[in-house]
Amino acid sequence: MVKLISQRLMAMLPLLLIVSILTFSFTALLPSDPVDLIIGDRGSEEQYQLVRERLGLNEPFVARYLTWLGKAVQGDLGTSFFNSVRVSDAVLLRMPATLSLTLAAVLISVVVGLGAGIAAALRPRSWIDRLATFGATIGQAIPNFWFGLILASVFAVTLRWFPATGYVPLSASPLGWLQSITLPALALGLSTSAAIARQVRSAMVGVLQQDYVRAARAQGLSPRRVIFRHALKNALVPVITVLSFQITVLLGGALIVEQVFAINGIGSLAIAAVRQQDIPMIQGIVLVLVLIVMAVQLVTDILYGLINPKARPA
């Protein structure tokens, strides 16, 4: 397992390098000059040149990239062009809200997706199977931000069970955190659970027809042990692949759902940075999100190794 982790970590290094080059290149190709956005139309030529010198924009592209990369490796993602805030500090301040929303949505999608998929697989072509399939189809068809608007309208505005906007940190109030995260997490998790339910149902139907499952039943093992000890374990391999992809989708969807529920997470920070063309902030956010996605892929590979010993390197 240690060899598997080390191999995956080594494979991430060139990928991170490529992502950093692309991120820095694309932001450098923005049509407008960030100096014009900073000093406005009334700035003099001398002020213009001073700002460009202070930001290092007069240096060649390669020199600017190497300087930025060297600082990024040390954890310094630069400083915002507009408010002089360190990018790393701004991202770390907003990250707990986005990660809380994403992880809560993952938990909901796994619980609902596994439950619906297993129930449908145990009774194929029954009303339970048809109901789960219909629910999965509806869940995949509805955009998560639109689902969030419906949940906010019903449970926050009409019934007043949950707050319609805002985010309460877990350290400030666990109950307030749970109330503020419930509706956006449901909006994200229920739509994602549809894809997981489909995959679980398909994998479980195939596994339940295998000879070793029939042999386990013939030996008198309880249905729960047959399902969860033998069938589900072998059916989880393709499910993990879908789940790892869905976590990436959830992370991107969280940036949009945050706008619906007015949560000050990475989404609002990214949108403000794009509107202002705050290049250091955009570069830092993209790099951090890529690191999170790569960490998810690493965890997926580790789970592969734990569930399927054949996936481990020799």
# chains A, B, ... in the order shown; residues from 1 in each chain; ligands from 1

$ residues_around --residues "segment 146-154 of chain A" --least-positions-apart "6" --cutoff "12 Å" --atoms "only C-alpha atoms" --output "short mmCIF file (atom, residue, chain, number, x, y, z; two decimals) with C-alpha atoms, in the first residue's frame"
data_model
loop_
_atom_site.label_atom_id
_atom_site.label_comp_id
_atom_site.auth_asym_id
_atom_site.auth_seq_id
_atom_site.Cartn_x
_atom_site.Cartn_y
_atom_site.Cartn_z
CA ILE A 138 -35.64 12.83 -12.06
CA GLY A 139 -32.64 13.50 -9.83
CA GLN A 140 -30.22 13.54 -12.75
CA ARG A 160 -39.36 28.43 8.03
CA TRP A 161 -37.67 25.23 9.18
CA PHE A 162 -34.24 26.25 7.94
CA PRO A 163 -32.51 29.56 7.18
CA ALA A 164 -32.74 30.63 3.55
CA THR A 165 -29.26 32.16 3.36
CA GLY A 166 -26.00 32.35 5.24
CA SER A 180 -27.39 26.32 7.55
CA ILE A 181 -25.84 23.42 5.63
CA THR A 182 -28.87 21.11 5.36
CA LEU A 183 -30.73 22.64 2.41
CA PRO A 184 -27.69 23.31 0.17
CA ALA A 185 -26.29 19.86 0.96
CA LEU A 186 -29.61 18.26 0.04
CA ALA A 187 -29.70 20.24 -3.20
CA LEU A 188 -26.28 18.88 -4.11
CA GLY A 189 -26.42 15.40 -2.61
CA LEU A 190 -29.80 14.24 -3.86
CA SER A 191 -28.99 14.97 -7.49
CA THR A 192 -25.66 13.17 -7.19
CA GLY A 253 -21.71 22.36 -8.07
CA ALA A 254 -21.03 23.70 -4.58
CA ILE A 256 -22.93 27.49 -7.81
CA VAL A 257 -25.21 26.42 -4.95
CA GLU A 258 -23.30 28.78 -2.67
CA GLN A 259 -24.69 31.66 -4.72
CA VAL A 260 -28.27 30.41 -4.25
CA PHE A 261 -27.96 30.27 -0.46
CA ALA A 262 -25.58 33.27 -0.12
#

$ atom_distance --atom1 "atom CA of Leu298 of chain A" --atom2 "atom CA of Pro280 of chain A"
26.9 Å

$ residues_around --residues "segment 201-210 of chain A" --least-positions-apart "2" --cutoff "12 Å" --atoms "only C-alpha atoms" --output "count of residues only"
48

$ atom_distance --atom1 "atom CA of Arg86 of chain A" --atom2 "atom CA of Val286 of chain A"
15.1 Å

$ residues_around --residues "Ser80 of chain A" --least-positions-apart "4" --cutoff "7 Å" --atoms "only C-alpha atoms" --output "VMD selection string"
chain A and resid 84 to 87 278 280 to 281

$ residues_around --residues "segment 93-103 of chain A" --least-positions-apart "6" --cutoff "6 Å" --atoms "only C-alpha atoms" --output "list in words"
Ala185, Leu251, Gly265 and Ile266 of chain A

$ atom_distance --atom1 "atom CA of Thr248 of chain A" --atom2 "atom CA of Phe145 of chain A"
16.2 Å

$ closest_residue --among "A:Leu287, A:Gly176, A:Val106, A:Leu250" --to "Val73 of chain A" --atoms "only C-alpha atoms"
A:Leu287

$ closest_residue --among "A:Thr137, A:Gln297, A:Gly75, A:Leu66" --to "Leu17 of chain A" --atoms "only C-alpha atoms"
A:Leu66

$ closest_residue --among "A:Leu306, A:Val293, A:Ala218, A:Leu16" --to "Gly252 of chain A" --atoms "only C-alpha atoms"
A:Val293

$ select_by_dssp --residues "segment 108-193 of chain A" --states "helix (DSSP H, G or I)" --output "PyMOL selection string"
chain A and resi 108-122+127-141+144-158+174-193
